[in-house]
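Colleague: Have a look at this one before I ask anything.
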Amino acid sequence: MAILASLPNNLFSSLPSPPPPPPPTTIKPPIPIPKYPPLTKSPKPSNPNPNPAFKTFHRRSKYYKPVKHGDVVSSDGDRSVVVGDSGVSYQLPGAPFEFQYSYSEIPRAKPIAIREPAFLPFAPPTMPRPWTGKPPLKKSTRKIKLFESPSNPDTKQLQMLKPYELGNFDVKPREEVLGKPLSRAERHELVKRHVSSNRQVNLGRDGLTHNMLELIHSHWRRDPVCKVRCLGVPTVDMRNVSRVLQEKTGGKIILRTGGVLYLFRGRHYDPHNRPKYPVMLWKPATPVYPKLIQEAPEGLTKEEADELRMKGKKLPPICKLAKNGVYLTLVKDVRNAFEESPLVKIDCRGLHASDYKKLGAKLKELVPCVLLSFDDEQILIWRGHGWKSMYQGALTSSGHTSESIANDTDCSGIRSSISSPRMTQLWRRAIELSKAVLLEDIELGPDDLLKVVEEFATVSQVTEHSYPAVIVSKEDSRNRDHEDEDYSEDDDYFDDEESEDDYVDFSQKSAPPGSLPVDFLAEQFTDGDDWRPNRSRR
């Protein structure tokens, strides 16, 4: 404390001096921007006749050209683009028919405009060779023979691929190529090895396209049967797909299970003597068609249509369609739903916009019905004013009709009611198969009713267990073969509602009856005390 008292009161008599100011710096001007000469556009190579196929007009432009039915939009000699009943088609000299991008998915409405200038999506006739997807060979290897000669199919000589010459071939008629119908055993043998095979042609939302024709013939070159798997929109109308496949390829469908078709090439098919199809190099722009949804559809005013659309928002959908699914029973389900409600909604969430619009157009033609909206990825349809129930037809048995039955019940004072349209359909089918009978007189006593029932039981049993008799002589029995069991030529073979596939199960029994492990276990439990562990299997 004595030391602190001896110190002066102000320890720091003066403040520290401030630091000296920095030396003055000179600000340098910025680097001037160099002045480059203006850009000059390089002159484009002069091409007096550019190919319009290399110009994508419809991608980033609003090209719109109205067309009418029967107009020849573009022509270059014998090569032309025509608007006809099947939409936009392409005519080439010597072609077996008019080429199109899709042969099965063609709207019935006529196109009203095109989205691009009309040109043929095929290689120009000046190309020295057909399009193969590979660059041309070098000059030193141009004489190498690469492909089998179609003029000499028996020899193994190879030569350079030549351009297609449409019309320069002699094709046999379809009936002559198919030959005599296949027997049941032959069809079973042909289809058996393709059931679990993944070598197939996939048919998607565009249906049967032009390039698939050449692909199917390439499959037929190695195997007599081509497996075609259909998915998506075309499966709504499999009858149309089957018809177009047979017409354009010349083959015969020997089996259809769901969305899978087995296409037979024919007994006398020659891969070296068949129609040649030029490859379509790109997908043409889809034409403009009339709008599917109208503010005031047919038979409705705008106020009535808006009221139906508001009711449809609260309506639950009858089904939900999966992407790339098989919609074989969609038309039948919509028709059955119209029996209960005038409005039907289908949930299409997850599908492409073009898919459910194509579905709506198909339902409008096949059901038929009236389209109301595609809002919220759901199809809302109305059955229309001219709708008729499917269950108002006559019951065909003993000359009785539904009207006569109703009159008889009214006259007798007895009221009859049917629980559901499904029961009406079941009763009608039972009467057609002689499993049910309509009573002429409903005021029968117990004895008379029992007599009628006994007579009907005898008749129905005879009908169920009777088969047509076939009388064959000894000479005919020797020559008789399975060839009589040929496939049906009728269109009803492809009916989704009535017909059933006869060859669904292609599996064969791998063991005789009674030799499976489960049979051995059952035998052990039933033997009781006589069972021994080392007993041998039968």
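In the structure tokens, the first chain shown is A, the next is B, and so on; residue numbers restart at 1 for each chain, and ligands run from 1 in the order shown.
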Report the residues of segment 276-351 of chain A whose backbone DSSP state falls under strand (DSSP E), written as an NGL selection string.
Modeller: :A and (343-347)
Colleague: Taking 4 positions as the minimum chain separation for residues in the same chain, which residues sit within 9 Å of Val236 of chain A when counting only C-alpha atoms? Answer as a list of chain:residue names.
Modeller: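 Surrounding residues, per the criterion: A:Gly232, A:Val326, A:Tyr327, A:Leu328, A:Thr329, A:Leu330, A:Val331, A:Leu359, A:Lys362, A:Leu363.
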Colleague: Dump C-alpha atoms for the selected residues as a short mmCIF file (atom, residue, chain, number, x, y, z; two decimals), in the first residue's frame?
Modeller:
data_model
loop_
_atom_site.label_atom_id
_atom_site.label_comp_id
_atom_site.auth_asym_id
_atom_site.auth_seq_id
_atom_site.Cartn_x
_atom_site.Cartn_y
_atom_site.Cartn_z
CA GLY A 232 -52.85 -50.94 -73.47
CA VAL A 326 -55.29 -55.59 -70.67
CA TYR A 327 -58.80 -54.13 -70.92
CA LEU A 328 -60.71 -57.04 -72.46
CA THR A 329 -63.88 -56.65 -70.37
CA LEU A 330 -64.04 -52.85 -70.24
CA VAL A 331 -66.84 -52.52 -72.80
CA LEU A 359 -60.11 -45.15 -74.70
CA LYS A 362 -63.28 -46.41 -78.51
CA LEU A 363 -65.98 -46.60 -75.84
#
Colleague: Please provide the set of residues having any atom within 10 Å of segment 216-228 of chain A, restricted to only C-alpha atoms, with same-chain residues fewer than 5 positions apart removed, written as a PyMOL selection string.
Modeller: chain A and resi 187+190-191+193-195+197-203+211+245+249+251-256+259-267+269-272+274-276
Colleague: Among segment 247-405 of chain A, which ones does DSSP assign to alpha helix (DSSP H) (computed from the backbone)? Answer as a PyMOL selection string.
Modeller: chain A and resi 247-249+302-313+330-338+353-366+402-405
Colleague: Those residues you just picked out, can you put them in a file as a short mmCIF file (atom, residue, chain, number, x, y, z; two decimals), in the first residue's frame with N, CA and C atoms?
Modeller:
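Result file follows (selection-v7.cif):
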data_model
loop_
_atom_site.label_atom_id
_atom_site.label_comp_id
_atom_site.auth_asym_id
_atom_site.auth_seq_id
_atom_site.Cartn_x
_atom_site.Cartn_y
_atom_site.Cartn_z
N GLU A 247 -55.33 -59.64 -92.03
CA GLU A 247 -55.43 -59.03 -93.36
C GLU A 247 -54.08 -58.53 -93.86
N LYS A 248 -53.31 -57.86 -93.00
CA LYS A 248 -52.08 -57.21 -93.46
C LYS A 248 -50.91 -58.18 -93.56
N THR A 249 -50.86 -59.19 -92.70
CA THR A 249 -49.74 -60.13 -92.75
C THR A 249 -50.02 -61.35 -93.59
N LYS A 302 -76.51 -27.16 -72.92
CA LYS A 302 -75.31 -26.86 -72.15
C LYS A 302 -75.60 -26.93 -70.65
N GLU A 303 -76.77 -26.47 -70.22
CA GLU A 303 -77.12 -26.53 -68.80
C GLU A 303 -77.27 -27.97 -68.33
N GLU A 304 -77.91 -28.81 -69.12
CA GLU A 304 -78.06 -30.22 -68.74
C GLU A 304 -76.71 -30.93 -68.70
N ALA A 305 -75.84 -30.63 -69.67
CA ALA A 305 -74.52 -31.26 -69.67
C ALA A 305 -73.70 -30.84 -68.45
N ASP A 306 -73.77 -29.55 -68.08
CA ASP A 306 -73.05 -29.09 -66.90
C ASP A 306 -73.59 -29.74 -65.63
N GLU A 307 -74.90 -29.95 -65.57
CA GLU A 307 -75.49 -30.60 -64.40
C GLU A 307 -75.03 -32.06 -64.29
N LEU A 308 -74.95 -32.75 -65.43
CA LEU A 308 -74.46 -34.14 -65.40
C LEU A 308 -72.99 -34.19 -65.01
N ARG A 309 -72.21 -33.21 -65.44
CA ARG A 309 -70.79 -33.19 -65.06
C ARG A 309 -70.63 -32.94 -63.56
N MET A 310 -71.49 -32.11 -62.97
CA MET A 310 -71.42 -31.89 -61.53
C MET A 310 -71.81 -33.15 -60.76
N LYS A 311 -72.80 -33.89 -61.26
CA LYS A 311 -73.16 -35.14 -60.61
C LYS A 311 -72.05 -36.18 -60.76
N GLY A 312 -71.35 -36.13 -61.89
CA GLY A 312 -70.28 -37.11 -62.11
C GLY A 312 -69.09 -36.92 -61.19
N LYS A 313 -68.89 -35.72 -60.66
CA LYS A 313 -67.78 -35.49 -59.73
C LYS A 313 -67.96 -36.25 -58.42
N LEU A 330 -63.65 -54.22 -70.55
CA LEU A 330 -64.04 -52.85 -70.24
C LEU A 330 -65.37 -52.48 -70.87
N VAL A 331 -65.57 -52.84 -72.12
CA VAL A 331 -66.84 -52.52 -72.80
C VAL A 331 -68.00 -53.23 -72.11
N LYS A 332 -67.80 -54.49 -71.75
CA LYS A 332 -68.86 -55.24 -71.07
C LYS A 332 -69.17 -54.64 -69.71
N ASP A 333 -68.14 -54.22 -68.97
CA ASP A 333 -68.37 -53.62 -67.65
C ASP A 333 -69.14 -52.30 -67.76
N VAL A 334 -68.84 -51.51 -68.78
CA VAL A 334 -69.56 -50.25 -68.96
C VAL A 334 -71.01 -50.51 -69.30
N ARG A 335 -71.27 -51.48 -70.15
CA ARG A 335 -72.66 -51.80 -70.50
C ARG A 335 -73.44 -52.29 -69.29
N ASN A 336 -72.82 -53.12 -68.47
CA ASN A 336 -73.50 -53.58 -67.26
C ASN A 336 -73.72 -52.44 -66.27
N ALA A 337 -72.77 -51.50 -66.20
CA ALA A 337 -72.94 -50.37 -65.29
C ALA A 337 -74.07 -49.45 -65.73
N PHE A 338 -74.30 -49.35 -67.04
CA PHE A 338 -75.40 -48.52 -67.54
C PHE A 338 -76.76 -49.09 -67.16
N ALA A 353 -52.17 -38.99 -71.24
CA ALA A 353 -53.38 -38.27 -71.68
C ALA A 353 -53.91 -38.81 -72.99
N SER A 354 -53.02 -39.15 -73.92
CA SER A 354 -53.49 -39.68 -75.20
C SER A 354 -54.12 -41.05 -75.04
N ASP A 355 -53.73 -41.81 -74.00
CA ASP A 355 -54.29 -43.14 -73.81
C ASP A 355 -55.75 -43.08 -73.40
N TYR A 356 -56.07 -42.29 -72.37
CA TYR A 356 -57.48 -42.31 -71.96
C TYR A 356 -58.37 -41.53 -72.92
N LYS A 357 -57.79 -40.66 -73.74
CA LYS A 357 -58.62 -40.05 -74.79
C LYS A 357 -58.93 -41.05 -75.89
N LYS A 358 -57.96 -41.89 -76.23
CA LYS A 358 -58.24 -42.96 -77.20
C LYS A 358 -59.24 -43.96 -76.64
N LEU A 359 -59.14 -44.25 -75.33
CA LEU A 359 -60.11 -45.15 -74.70
C LEU A 359 -61.52 -44.57 -74.78
N GLY A 360 -61.64 -43.27 -74.52
CA GLY A 360 -62.95 -42.64 -74.62
C GLY A 360 -63.52 -42.71 -76.02
N ALA A 361 -62.68 -42.50 -77.03
CA ALA A 361 -63.16 -42.59 -78.41
C ALA A 361 -63.60 -44.01 -78.75
N LYS A 362 -62.88 -45.02 -78.25
CA LYS A 362 -63.28 -46.41 -78.51
C LYS A 362 -64.58 -46.76 -77.81
N LEU A 363 -64.73 -46.31 -76.56
CA LEU A 363 -65.98 -46.60 -75.84
C LEU A 363 -67.16 -45.91 -76.50
N LYS A 364 -66.95 -44.74 -77.05
CA LYS A 364 -68.03 -44.03 -77.74
C LYS A 364 -68.54 -44.82 -78.94
N GLU A 365 -67.65 -45.57 -79.59
CA GLU A 365 -68.05 -46.34 -80.77
C GLU A 365 -68.57 -47.73 -80.42
N LEU A 366 -67.99 -48.36 -79.39
CA LEU A 366 -68.30 -49.76 -79.11
C LEU A 366 -69.48 -49.92 -78.17
N SER A 402 -90.82 -62.64 -73.06
CA SER A 402 -90.96 -61.90 -71.80
C SER A 402 -92.26 -61.13 -71.75
N GLU A 403 -92.74 -60.64 -72.92
CA GLU A 403 -93.99 -59.88 -72.94
C GLU A 403 -95.17 -60.79 -72.63
N SER A 404 -95.17 -62.00 -73.23
CA SER A 404 -96.28 -62.91 -72.98
C SER A 404 -96.31 -63.36 -71.53
N ILE A 405 -95.11 -63.54 -70.94
CA ILE A 405 -95.07 -63.94 -69.53
C ILE A 405 -95.63 -62.83 -68.66
#
Colleague: Please, what distance in Å, to one decimal, runs between atom CA of Leu372 of chain A and atom CA of Leu351 of chain A?
Modeller: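 Atom-to-atom, atom CA of Leu372 of chain A to atom CA of Leu351 of chain A, that is 18.5 Å.
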Colleague: Can you measure atom CA of Val72 of chain A to atom CA of Phe122 of chain A for me? One decimal in Å is fine.
Modeller: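 Those two atoms sit 17.5 Å apart.
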